[in-house]
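Peer 1: If you scroll down you'll find the structure; I have some questions about it.
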Amino acid sequence: MGTFAEEARTRLATMLRMAGDSAPDRHRVITYVGATPDPPPLGPDGIRTAGCPECQSTMWGQRDRDGRPIVVCARCGHVEE
């Protein structure tokens with residue numbers, strides 16, 4: 001299978017494929033994917049995360065328009081440098 005086809009799959013489809021045929025595992029995967037945000041596209045810095053001080057959710061490392069590193073909360077949108 002080519003890279004394009006792999007990239008076109010949703011996160012849910014990819015994780016369900018890894019879960020196999022176990023119904024309880026598939027249910028847990030569906031619940032998890034529905035409750036967590038998708039990560040941002042992988043950039044040159046790799047994946048960086050932090051805990052949000054506002055809502056305790058996951059903050060993803062990104063870069064602002066000027067190229068400075070920032071972290072943005074996936075749930076509430078809180079931004080920190």
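Please note that chains go A, B, ... in the order of the structure tokens, that every chain numbers its residues from 1, and that ligands are numbered from 1 in the order shown.
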Residues of chain A classed as helix (DSSP H, G or I) by DSSP on the backbone are to be reported as a list in words.
Peer 2: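 In chain A, DSSP puts these residues in helix (DSSP H, G or I): Thr3, Phe4, Ala5, Glu6, Glu7, Ala8, Arg11, Leu12, Ala13, Thr14, Met15, Leu16, Arg17, Met18, Ala19, Ala23, Pro24, Asp25, Arg26, His27, Arg28, Val29, Ile30, Thr31, Tyr32, Val33, Gly34 and Ala35 of chain A.
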Peer 1: Which neighbours of range 63-74 of chain A fall inside 10 Å, counting only C-alpha atoms, when residues of the same chain fewer than 3 positions from it are skipped, and could you give them as an mmCIF file with N, CA, C and O atoms, in the first residue's frame?
Peer 2:
data_model
loop_
_atom_site.group_PDB
_atom_site.id
_atom_site.type_symbol
_atom_site.label_atom_id
_atom_site.label_comp_id
_atom_site.auth_asym_id
_atom_site.auth_seq_id
_atom_site.Cartn_x
_atom_site.Cartn_y
_atom_site.Cartn_z
ATOM 1 N N THR A 36 -10.710 12.606 22.271
ATOM 2 C CA THR A 36 -9.413 13.265 22.196
ATOM 3 C C THR A 36 -9.249 13.967 20.854
ATOM 4 O O THR A 36 -9.728 13.484 19.838
ATOM 5 N N PRO A 37 -8.572 15.102 20.844
ATOM 6 C CA PRO A 37 -8.384 15.832 19.585
ATOM 7 C C PRO A 37 -7.321 15.178 18.715
ATOM 8 O O PRO A 37 -6.442 14.472 19.197
ATOM 9 N N ASP A 38 -7.422 15.417 17.428
ATOM 10 C CA ASP A 38 -6.379 14.964 16.510
ATOM 11 C C ASP A 38 -5.137 15.816 16.725
ATOM 12 O O ASP A 38 -5.244 17.032 16.948
ATOM 13 N N PRO A 39 -3.960 15.216 16.656
ATOM 14 C CA PRO A 39 -2.741 16.016 16.770
ATOM 15 C C PRO A 39 -2.560 16.889 15.536
ATOM 16 O O PRO A 39 -3.094 16.565 14.472
ATOM 17 N N PRO A 40 -1.830 17.976 15.669
ATOM 18 C CA PRO A 40 -1.552 18.804 14.482
ATOM 19 C C PRO A 40 -0.617 18.055 13.542
ATOM 20 O O PRO A 40 -0.008 17.059 13.935
ATOM 21 N N GLY A 43 5.477 18.533 12.384
ATOM 22 C CA GLY A 43 6.364 19.556 11.850
ATOM 23 C C GLY A 43 7.813 19.190 12.068
ATOM 24 O O GLY A 43 8.143 18.094 12.527
ATOM 25 N N ASP A 45 9.771 20.075 14.328
ATOM 26 C CA ASP A 45 10.124 19.920 15.745
ATOM 27 C C ASP A 45 9.642 18.597 16.332
ATOM 28 O O ASP A 45 9.850 18.324 17.506
ATOM 29 N N ARG A 48 5.402 17.796 20.327
ATOM 30 C CA ARG A 48 5.628 18.333 21.669
ATOM 31 C C ARG A 48 4.267 18.532 22.304
ATOM 32 O O ARG A 48 3.355 19.065 21.687
ATOM 33 N N THR A 49 4.116 18.101 23.554
ATOM 34 C CA THR A 49 2.849 18.293 24.259
ATOM 35 C C THR A 49 3.110 18.873 25.636
ATOM 36 O O THR A 49 4.216 18.819 26.163
ATOM 37 N N ALA A 50 2.055 19.431 26.212
ATOM 38 C CA ALA A 50 2.093 19.959 27.582
ATOM 39 C C ALA A 50 0.672 19.881 28.124
ATOM 40 O O ALA A 50 -0.277 19.674 27.365
ATOM 41 N N GLY A 51 0.531 20.032 29.413
ATOM 42 C CA GLY A 51 -0.789 20.061 30.027
ATOM 43 C C GLY A 51 -1.308 21.485 30.090
ATOM 44 O O GLY A 51 -0.577 22.410 30.436
ATOM 45 N N CYS A 52 -2.570 21.687 29.765
ATOM 46 C CA CYS A 52 -3.170 23.021 29.789
ATOM 47 C C CYS A 52 -3.476 23.420 31.235
ATOM 48 O O CYS A 52 -4.164 22.688 31.949
ATOM 49 N N PRO A 53 -3.015 24.595 31.662
ATOM 50 C CA PRO A 53 -3.315 25.046 33.018
ATOM 51 C C PRO A 53 -4.774 25.484 33.195
ATOM 52 O O PRO A 53 -5.269 25.554 34.311
ATOM 53 N N GLU A 54 -5.473 25.732 32.086
ATOM 54 C CA GLU A 54 -6.858 26.194 32.156
ATOM 55 C C GLU A 54 -7.856 25.040 32.290
ATOM 56 O O GLU A 54 -8.723 25.057 33.141
ATOM 57 N N CYS A 55 -7.743 24.033 31.405
ATOM 58 C CA CYS A 55 -8.755 22.962 31.381
ATOM 59 C C CYS A 55 -8.163 21.567 31.573
ATOM 60 O O CYS A 55 -8.884 20.582 31.478
ATOM 61 N N GLN A 56 -6.857 21.466 31.799
ATOM 62 C CA GLN A 56 -6.158 20.196 32.034
ATOM 63 C C GLN A 56 -6.155 19.275 30.820
ATOM 64 O O GLN A 56 -5.962 18.074 30.959
ATOM 65 N N SER A 57 -6.381 19.795 29.628
ATOM 66 C CA SER A 57 -6.356 18.986 28.414
ATOM 67 C C SER A 57 -4.952 19.016 27.811
ATOM 68 O O SER A 57 -4.014 19.541 28.404
ATOM 69 N N THR A 58 -4.798 18.476 26.616
ATOM 70 C CA THR A 58 -3.497 18.406 25.952
ATOM 71 C C THR A 58 -3.239 19.671 25.143
ATOM 72 O O THR A 58 -4.086 20.117 24.382
ATOM 73 N N MET A 59 -2.047 20.219 25.316
ATOM 74 C CA MET A 59 -1.592 21.345 24.500
ATOM 75 C C MET A 59 -0.569 20.798 23.514
ATOM 76 O O MET A 59 0.309 20.026 23.888
ATOM 77 N N TRP A 60 -0.697 21.187 22.239
ATOM 78 C CA TRP A 60 0.184 20.708 21.179
ATOM 79 C C TRP A 60 1.174 21.803 20.801
ATOM 80 O O TRP A 60 0.802 22.958 20.620
ATOM 81 N N GLY A 77 -8.286 26.247 23.536
ATOM 82 C CA GLY A 77 -7.610 27.226 22.704
ATOM 83 C C GLY A 77 -6.602 28.090 23.436
ATOM 84 O O GLY A 77 -6.032 29.000 22.838
ATOM 85 N N HIS A 78 -6.330 27.819 24.719
ATOM 86 C CA HIS A 78 -5.344 28.587 25.488
ATOM 87 C C HIS A 78 -3.979 28.480 24.812
ATOM 88 O O HIS A 78 -3.574 27.416 24.359
ATOM 89 N N VAL A 79 -3.266 29.604 24.708
ATOM 90 C CA VAL A 79 -1.962 29.647 24.026
ATOM 91 C C VAL A 79 -0.902 30.116 25.009
ATOM 92 O O VAL A 79 -1.108 31.054 25.780
ATOM 93 N N GLU A 80 0.254 29.443 24.979
ATOM 94 C CA GLU A 80 1.408 29.864 25.778
ATOM 95 C C GLU A 80 2.636 29.834 24.889
ATOM 96 O O GLU A 80 2.732 29.027 23.972
ATOM 97 N N GLU A 81 3.587 30.728 25.184
ATOM 98 C CA GLU A 81 4.852 30.738 24.430
ATOM 99 C C GLU A 81 5.800 29.738 25.033
ATOM 100 O O GLU A 81 5.727 29.402 26.180
#
